[in-house]
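This is work14.pdb. It holds PDB, C-alpha atoms, pLDDT in the B column.
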ATOM      1  CA  MET C   1     -61.584 -41.881 -35.721  1.00 58.00           C
ATOM      2  CA  GLY C   2     -64.498 -41.119 -38.023  1.00 82.00           C
ATOM      3  CA  ASN C   3     -68.055 -40.192 -37.304  1.00 93.00           C
ATOM      4  CA  PRO C   4     -70.303 -42.829 -35.703  1.00 97.00           C
ATOM      5  CA  ARG C   5     -71.758 -45.207 -38.302  1.00 97.00           C
ATOM      6  CA  VAL C   6     -75.556 -45.320 -38.560  1.00 98.00           C
ATOM      7  CA  LEU C   7     -77.937 -47.675 -40.354  1.00 98.00           C
ATOM      8  CA  LEU C   8     -81.377 -46.215 -41.055  1.00 98.00           C
ATOM      9  CA  ALA C   9     -84.395 -48.473 -41.654  1.00 98.00           C
ATOM     10  CA  ASP C  10     -87.785 -46.998 -42.541  1.00 97.00           C
ATOM     11  CA  ASP C  11     -90.269 -47.807 -45.283  1.00 96.00           C
ATOM     12  CA  LEU C  12     -91.315 -44.177 -45.902  1.00 96.00           C
ATOM     13  CA  PRO C  13     -89.114 -42.246 -48.371  1.00 96.00           C
ATOM     14  CA  GLU C  14     -89.896 -38.867 -46.776  1.00 96.00           C
ATOM     15  CA  ILE C  15     -88.801 -40.118 -43.348  1.00 96.00           C
ATOM     16  CA  ARG C  16     -85.599 -41.612 -44.766  1.00 96.00           C
ATOM     17  CA  GLU C  17     -84.838 -38.300 -46.456  1.00 97.00           C
ATOM     18  CA  ARG C  18     -85.565 -36.196 -43.356  1.00 97.00           C
ATOM     19  CA  VAL C  19     -83.557 -38.428 -41.014  1.00 97.00           C
ATOM     20  CA  THR C  20     -80.639 -38.441 -43.448  1.00 97.00           C
ATOM     21  CA  GLU C  21     -80.698 -34.631 -43.525  1.00 97.00           C
ATOM     22  CA  LEU C  22     -80.688 -34.488 -39.728  1.00 97.00           C
ATOM     23  CA  LEU C  23     -77.929 -37.034 -39.183  1.00 97.00           C
ATOM     24  CA  ARG C  24     -75.574 -36.553 -42.123  1.00 95.00           C
ATOM     25  CA  PRO C  25     -73.683 -33.535 -40.716  1.00 93.00           C
ATOM     26  CA  ASP C  26     -72.378 -35.461 -37.679  1.00 95.00           C
ATOM     27  CA  PHE C  27     -72.873 -39.144 -38.451  1.00 97.00           C
ATOM     28  CA  GLU C  28     -71.971 -41.478 -41.306  1.00 97.00           C
ATOM     29  CA  ILE C  29     -75.047 -43.114 -42.846  1.00 97.00           C
ATOM     30  CA  VAL C  30     -73.655 -46.511 -43.896  1.00 97.00           C
ATOM     31  CA  ALA C  31     -76.917 -47.889 -45.315  1.00 97.00           C
ATOM     32  CA  ILE C  32     -80.584 -47.106 -45.736  1.00 98.00           C
ATOM     33  CA  ALA C  33     -83.025 -50.017 -45.618  1.00 97.00           C
ATOM     34  CA  GLN C  34     -86.622 -49.910 -46.820  1.00 97.00           C
ATOM     35  CA  ASN C  35     -87.798 -53.013 -44.982  1.00 97.00           C
ATOM     36  CA  GLY C  36     -86.852 -55.250 -42.104  1.00 97.00           C
ATOM     37  CA  ALA C  37     -85.097 -57.915 -44.171  1.00 97.00           C
ATOM     38  CA  GLN C  38     -82.810 -55.307 -45.732  1.00 97.00           C
ATOM     39  CA  ALA C  39     -82.088 -53.926 -42.257  1.00 98.00           C
ATOM     40  CA  VAL C  40     -81.000 -57.331 -40.919  1.00 97.00           C
ATOM     41  CA  GLU C  41     -78.794 -57.964 -43.956  1.00 97.00           C
ATOM     42  CA  ALA C  42     -77.175 -54.506 -43.842  1.00 97.00           C
ATOM     43  CA  ALA C  43     -76.572 -54.617 -40.090  1.00 97.00           C
ATOM     44  CA  SER C  44     -75.062 -58.104 -40.342  1.00 94.00           C
ATOM     45  CA  THR C  45     -72.570 -57.096 -43.013  1.00 95.00           C
ATOM     46  CA  LEU C  46     -71.789 -53.450 -42.178  1.00 96.00           C
ATOM     47  CA  ASN C  47     -71.593 -53.552 -38.359  1.00 94.00           C
ATOM     48  CA  PRO C  48     -72.956 -50.043 -37.702  1.00 97.00           C
ATOM     49  CA  ASP C  49     -72.533 -48.351 -34.334  1.00 97.00           C
ATOM     50  CA  LEU C  50     -76.225 -47.496 -34.193  1.00 98.00           C
ATOM     51  CA  ILE C  51     -79.435 -48.503 -35.964  1.00 98.00           C
ATOM     52  CA  VAL C  52     -82.427 -46.188 -36.301  1.00 98.00           C
ATOM     53  CA  LEU C  53     -85.437 -48.475 -36.825  1.00 97.00           C
ATOM     54  CA  ASP C  54     -89.068 -47.894 -37.642  1.00 97.00           C
ATOM     55  CA  ILE C  55     -91.431 -50.348 -35.968  1.00 96.00           C
ATOM     56  CA  SER C  56     -93.979 -50.699 -38.784  1.00 95.00           C
ATOM     57  CA  MET C  57     -92.049 -51.957 -41.816  1.00 95.00           C
ATOM     58  CA  PRO C  58     -92.731 -54.612 -44.438  1.00 95.00           C
ATOM     59  CA  ILE C  59     -91.311 -58.153 -44.335  1.00 96.00           C
ATOM     60  CA  LEU C  60     -90.013 -57.856 -40.738  1.00 96.00           C
ATOM     61  CA  ASN C  61     -91.149 -55.167 -38.334  1.00 97.00           C
ATOM     62  CA  GLY C  62     -88.586 -53.248 -36.299  1.00 96.00           C
ATOM     63  CA  ILE C  63     -89.153 -55.292 -33.146  1.00 97.00           C
ATOM     64  CA  GLU C  64     -88.450 -58.490 -35.116  1.00 97.00           C
ATOM     65  CA  VAL C  65     -85.347 -56.892 -36.658  1.00 97.00           C
ATOM     66  CA  ALA C  66     -83.931 -55.875 -33.278  1.00 97.00           C
ATOM     67  CA  SER C  67     -84.674 -59.306 -31.838  1.00 96.00           C
ATOM     68  CA  ARG C  68     -82.951 -61.121 -34.717  1.00 96.00           C
ATOM     69  CA  LEU C  69     -79.929 -58.846 -34.564  1.00 96.00           C
ATOM     70  CA  ARG C  70     -79.632 -59.369 -30.813  1.00 94.00           C
ATOM     71  CA  ASP C  71     -79.799 -63.152 -31.375  1.00 94.00           C
ATOM     72  CA  LEU C  72     -77.055 -62.825 -34.026  1.00 93.00           C
ATOM     73  CA  GLY C  73     -74.828 -60.993 -31.551  1.00 93.00           C
ATOM     74  CA  CYS C  74     -74.992 -57.632 -33.290  1.00 93.00           C
ATOM     75  CA  GLY C  75     -73.507 -55.009 -30.992  1.00 93.00           C
ATOM     76  CA  ALA C  76     -75.157 -51.977 -32.596  1.00 96.00           C
ATOM     77  CA  LYS C  77     -77.212 -49.775 -30.328  1.00 97.00           C
ATOM     78  CA  VAL C  78     -80.872 -49.375 -31.372  1.00 97.00           C
ATOM     79  CA  ILE C  79     -83.198 -46.385 -31.450  1.00 98.00           C
ATOM     80  CA  PHE C  80     -86.776 -46.818 -32.569  1.00 97.00           C
ATOM     81  CA  LEU C  81     -88.191 -43.899 -34.555  1.00 97.00           C
ATOM     82  CA  THR C  82     -91.914 -44.482 -34.727  1.00 94.00           C
ATOM     83  CA  VAL C  83     -95.453 -43.135 -34.712  1.00 94.00           C
ATOM     84  CA  HIS C  84     -96.397 -45.622 -31.992  1.00 92.00           C
ATOM     85  CA  GLU C  85     -96.827 -43.847 -28.664  1.00 90.00           C
ATOM     86  CA  ASP C  86     -98.574 -46.741 -26.907  1.00 90.00           C
ATOM     87  CA  PRO C  87     -96.722 -48.041 -23.812  1.00 90.00           C
ATOM     88  CA  ASP C  88     -96.984 -51.622 -25.119  1.00 93.00           C
ATOM     89  CA  TYR C  89     -94.791 -50.710 -28.095  1.00 94.00           C
ATOM     90  CA  ILE C  90     -92.294 -48.963 -25.838  1.00 92.00           C
ATOM     91  CA  GLU C  91     -92.159 -52.037 -23.601  1.00 94.00           C
ATOM     92  CA  ALA C  92     -91.641 -54.294 -26.634  1.00 95.00           C
ATOM     93  CA  ALA C  93     -88.816 -52.047 -27.869  1.00 95.00           C
ATOM     94  CA  LEU C  94     -87.080 -52.147 -24.504  1.00 95.00           C
ATOM     95  CA  SER C  95     -87.508 -55.922 -24.311  1.00 95.00           C
ATOM     96  CA  VAL C  96     -85.411 -56.364 -27.472  1.00 95.00           C
ATOM     97  CA  GLY C  97     -82.657 -54.121 -26.168  1.00 94.00           C
ATOM     98  CA  ALA C  98     -83.470 -50.680 -27.555  1.00 96.00           C
ATOM     99  CA  LEU C  99     -81.841 -47.768 -25.757  1.00 96.00           C
ATOM    100  CA  GLY C 100     -83.841 -45.107 -27.575  1.00 95.00           C
ATOM    101  CA  TYR C 101     -87.449 -44.508 -28.513  1.00 96.00           C
ATOM    102  CA  VAL C 102     -88.339 -41.343 -30.446  1.00 95.00           C
ATOM    103  CA  PHE C 103     -91.753 -40.343 -31.730  1.00 95.00           C
ATOM    104  CA  LYS C 104     -91.720 -39.338 -35.399  1.00 95.00           C
ATOM    105  CA  SER C 105     -93.666 -36.222 -34.454  1.00 93.00           C
ATOM    106  CA  ARG C 106     -90.525 -35.111 -32.575  1.00 93.00           C
ATOM    107  CA  VAL C 107     -87.872 -36.193 -35.064  1.00 95.00           C
ATOM    108  CA  ALA C 108     -86.612 -32.647 -35.699  1.00 94.00           C
ATOM    109  CA  THR C 109     -85.971 -31.865 -32.037  1.00 94.00           C
ATOM    110  CA  GLU C 110     -85.266 -35.237 -30.424  1.00 95.00           C
ATOM    111  CA  LEU C 111     -83.516 -37.548 -32.896  1.00 96.00           C
ATOM    112  CA  VAL C 112     -80.023 -36.042 -32.831  1.00 97.00           C
ATOM    113  CA  PRO C 113     -79.972 -35.720 -29.009  1.00 96.00           C
ATOM    114  CA  ALA C 114     -81.269 -39.300 -28.811  1.00 96.00           C
ATOM    115  CA  VAL C 115     -78.502 -40.575 -31.090  1.00 97.00           C
ATOM    116  CA  ARG C 116     -75.824 -38.770 -29.082  1.00 96.00           C
ATOM    117  CA  SER C 117     -77.244 -40.048 -25.790  1.00 95.00           C
ATOM    118  CA  VAL C 118     -77.600 -43.657 -26.944  1.00 96.00           C
ATOM    119  CA  LEU C 119     -74.098 -43.716 -28.425  1.00 96.00           C
ATOM    120  CA  GLN C 120     -72.846 -42.759 -24.950  1.00 95.00           C
ATOM    121  CA  GLY C 121     -74.736 -45.737 -23.508  1.00 94.00           C
ATOM    122  CA  HIS C 122     -77.661 -43.792 -22.051  1.00 95.00           C
ATOM    123  CA  ARG C 123     -81.377 -44.270 -22.640  1.00 95.00           C
ATOM    124  CA  PHE C 124     -83.451 -41.667 -24.451  1.00 95.00           C
ATOM    125  CA  MET C 125     -87.240 -41.849 -24.520  1.00 93.00           C
ATOM    126  CA  SER C 126     -89.830 -39.532 -25.985  1.00 90.00           C
ATOM    127  CA  VAL C 127     -92.660 -39.190 -23.510  1.00 76.00           C
ATOM    128  CA  LYS C 128     -96.198 -38.107 -24.009  1.00 70.00           C
ATOM    129  CA  GLU C 129     -96.902 -34.626 -22.852  1.00 59.00           C
ATOM    130  CA  ALA C 130     -98.713 -34.423 -19.544  1.00 45.00           C
ATOM    131  CA  PRO C 131    -102.295 -33.266 -19.885  1.00 42.00           C
ATOM    132  CA  LYS C 132    -102.676 -29.587 -19.274  1.00 44.00           C
ATOM    133  CA  VAL C 133    -104.699 -28.607 -16.266  1.00 50.00           C
ATOM    134  CA  LEU C 134    -106.949 -25.663 -16.848  1.00 49.00           C
ATOM    135  CA  THR C 135    -108.110 -23.562 -13.956  1.00 50.00           C
ATOM    136  CA  CYS C 136    -111.030 -21.198 -13.998  1.00 46.00           C
TER
END

Rewritten as structure tokens:
Amino acid sequence: MGNPRVLLADDLPEIRERVTELLRPDFEIVAIAQNGAQAVEAASTLNPDLIVLDISMPILNGIEVASRLRDLGCGAKVIFLTVHEDPDYIEAALSVGALGYVFKSRVATELVPAVRSVLQGHRFMSVKEAPKVLTC
């Protein structure tokens, strides 16, 4: 059996490059999409094990992509990799079946563990740091 097959969808070239560097040693990148329409097409034809999706993309946003793929019966697991830390975005991601939600600010430390966790059927969520309490 080969490495798990991953589709990456993000409109920013530097993010696509960084994620590819992080994942390539242990995962097979089967396609890289630059917008939501490309992501739907690639996922429909390539049947990846996992899709790493940005939320803010042209043509279709990541939430729309995940929703369409779910409606099409796509069995790929979904991780959102995003700058959006607002709970409303997290709730929207979960509502379309995402198992992972990683903040782009934590891509270097959290993406690979998130991918491994999600591929095993577990949830992985970046969480905001708790405010520090200062005492005098």

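Between Val102 (chain C) and the residues C:Ala42, C:Val30, C:Ile59, C:Val19, the shortest atom-to-atom distance, using all atoms listed in the file, involves C:Val19.
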
- Task: Apply the PyMOL selection byres ((chain C and resi 103) around 6) to the file shown and report the selected residues as a list of chain:residue names.
- Result: C:Leu81, C:Thr82, C:Val83, C:Val102, C:Lys104, C:Ser105, C:Arg106

- For Leu22 (chain C), the nearest of the candidates C:Gly2, C:Gln120, C:Val115, C:Ile79, counting all atoms listed in the file: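 Smallest separation from Leu22 (chain C) among the options: C:Val115.
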
- Task: Point out the residue among C:Leu72, C:Leu60, C:Val118, C:Leu99 with the least atom-to-atom distance to Gln34 (chain C), counting all atoms listed in the file.
- Result: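 Closest candidate: C:Leu60.
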
- Query: What gap, in Å, lies between CA of Leu7 (chain C) and CA of Glu28 (chain C)?
  - Reply: 8.7 Å

- For the file shown, report as a ChimeraX atom specification the outcome of the PyMOL selection byres ((chain C and resi 100) around 9) at residue level. /C:52,77-81,93-94,98-99,101-102,114-115,117-118,122-126

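Across the model, the gap from CA of Met57 (chain C) to CA of Glu41 (chain C) is 14.7 Å.
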
- Which residue, C:Leu69, C:Asp10, C:Ile63, C:Leu50, has the smallest gap to Leu119 (chain C) when you use only C-alpha atoms?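 Once distances to Leu119 (chain C) are computed over only C-alpha atoms, the minimum belongs to C:Leu50.
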
- Task: Determine, counting only C-alpha atoms, which protein, DNA and RNA residues have an atom within 9 Å of an atom of Arg18 (chain C); residues of the same chain fewer than 5 positions away are not included. Present the result as a PyMOL selection string.
- Result: chain C and resi 13+23+107-108

- Query: Just how far from CA of Phe27 (chain C) is CA of Asn3 (chain C), in Å to one decimal?
  - Reply: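 Separating CA of Asn3 (chain C) from CA of Phe27 (chain C) is a distance of 5.1 Å.
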
- Query: For Ile15 (chain C), which residue out of C:Ala31, C:Ala92, C:Leu53, C:Ala43 is the nearest one, using all atoms listed in the file?
  - Reply: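 Of all the options, C:Leu53 lies closest to Ile15 (chain C).
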
Using the file's own x, y and z axes, what box holds all listed atoms of region 72-82 of chain C with 6 Å on each side, keeping edges along x, y and z, and what are its centre and edge lengths in Å to one decimal, as AutoDock Vina command-line options?
--center_x -82.7 --center_y -53.4 --center_z -32.5 --size_x 30.4 --size_y 30.9 --size_z 16.4

- With all atoms listed in the file as the basis for distance, which of C:Ala76, C:Ala39, C:Val96, C:Val112 is at the shortest distance from Asp54 (chain C)?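 Looking at the shortest contact to Asp54 (chain C), the residue is C:Ala39.
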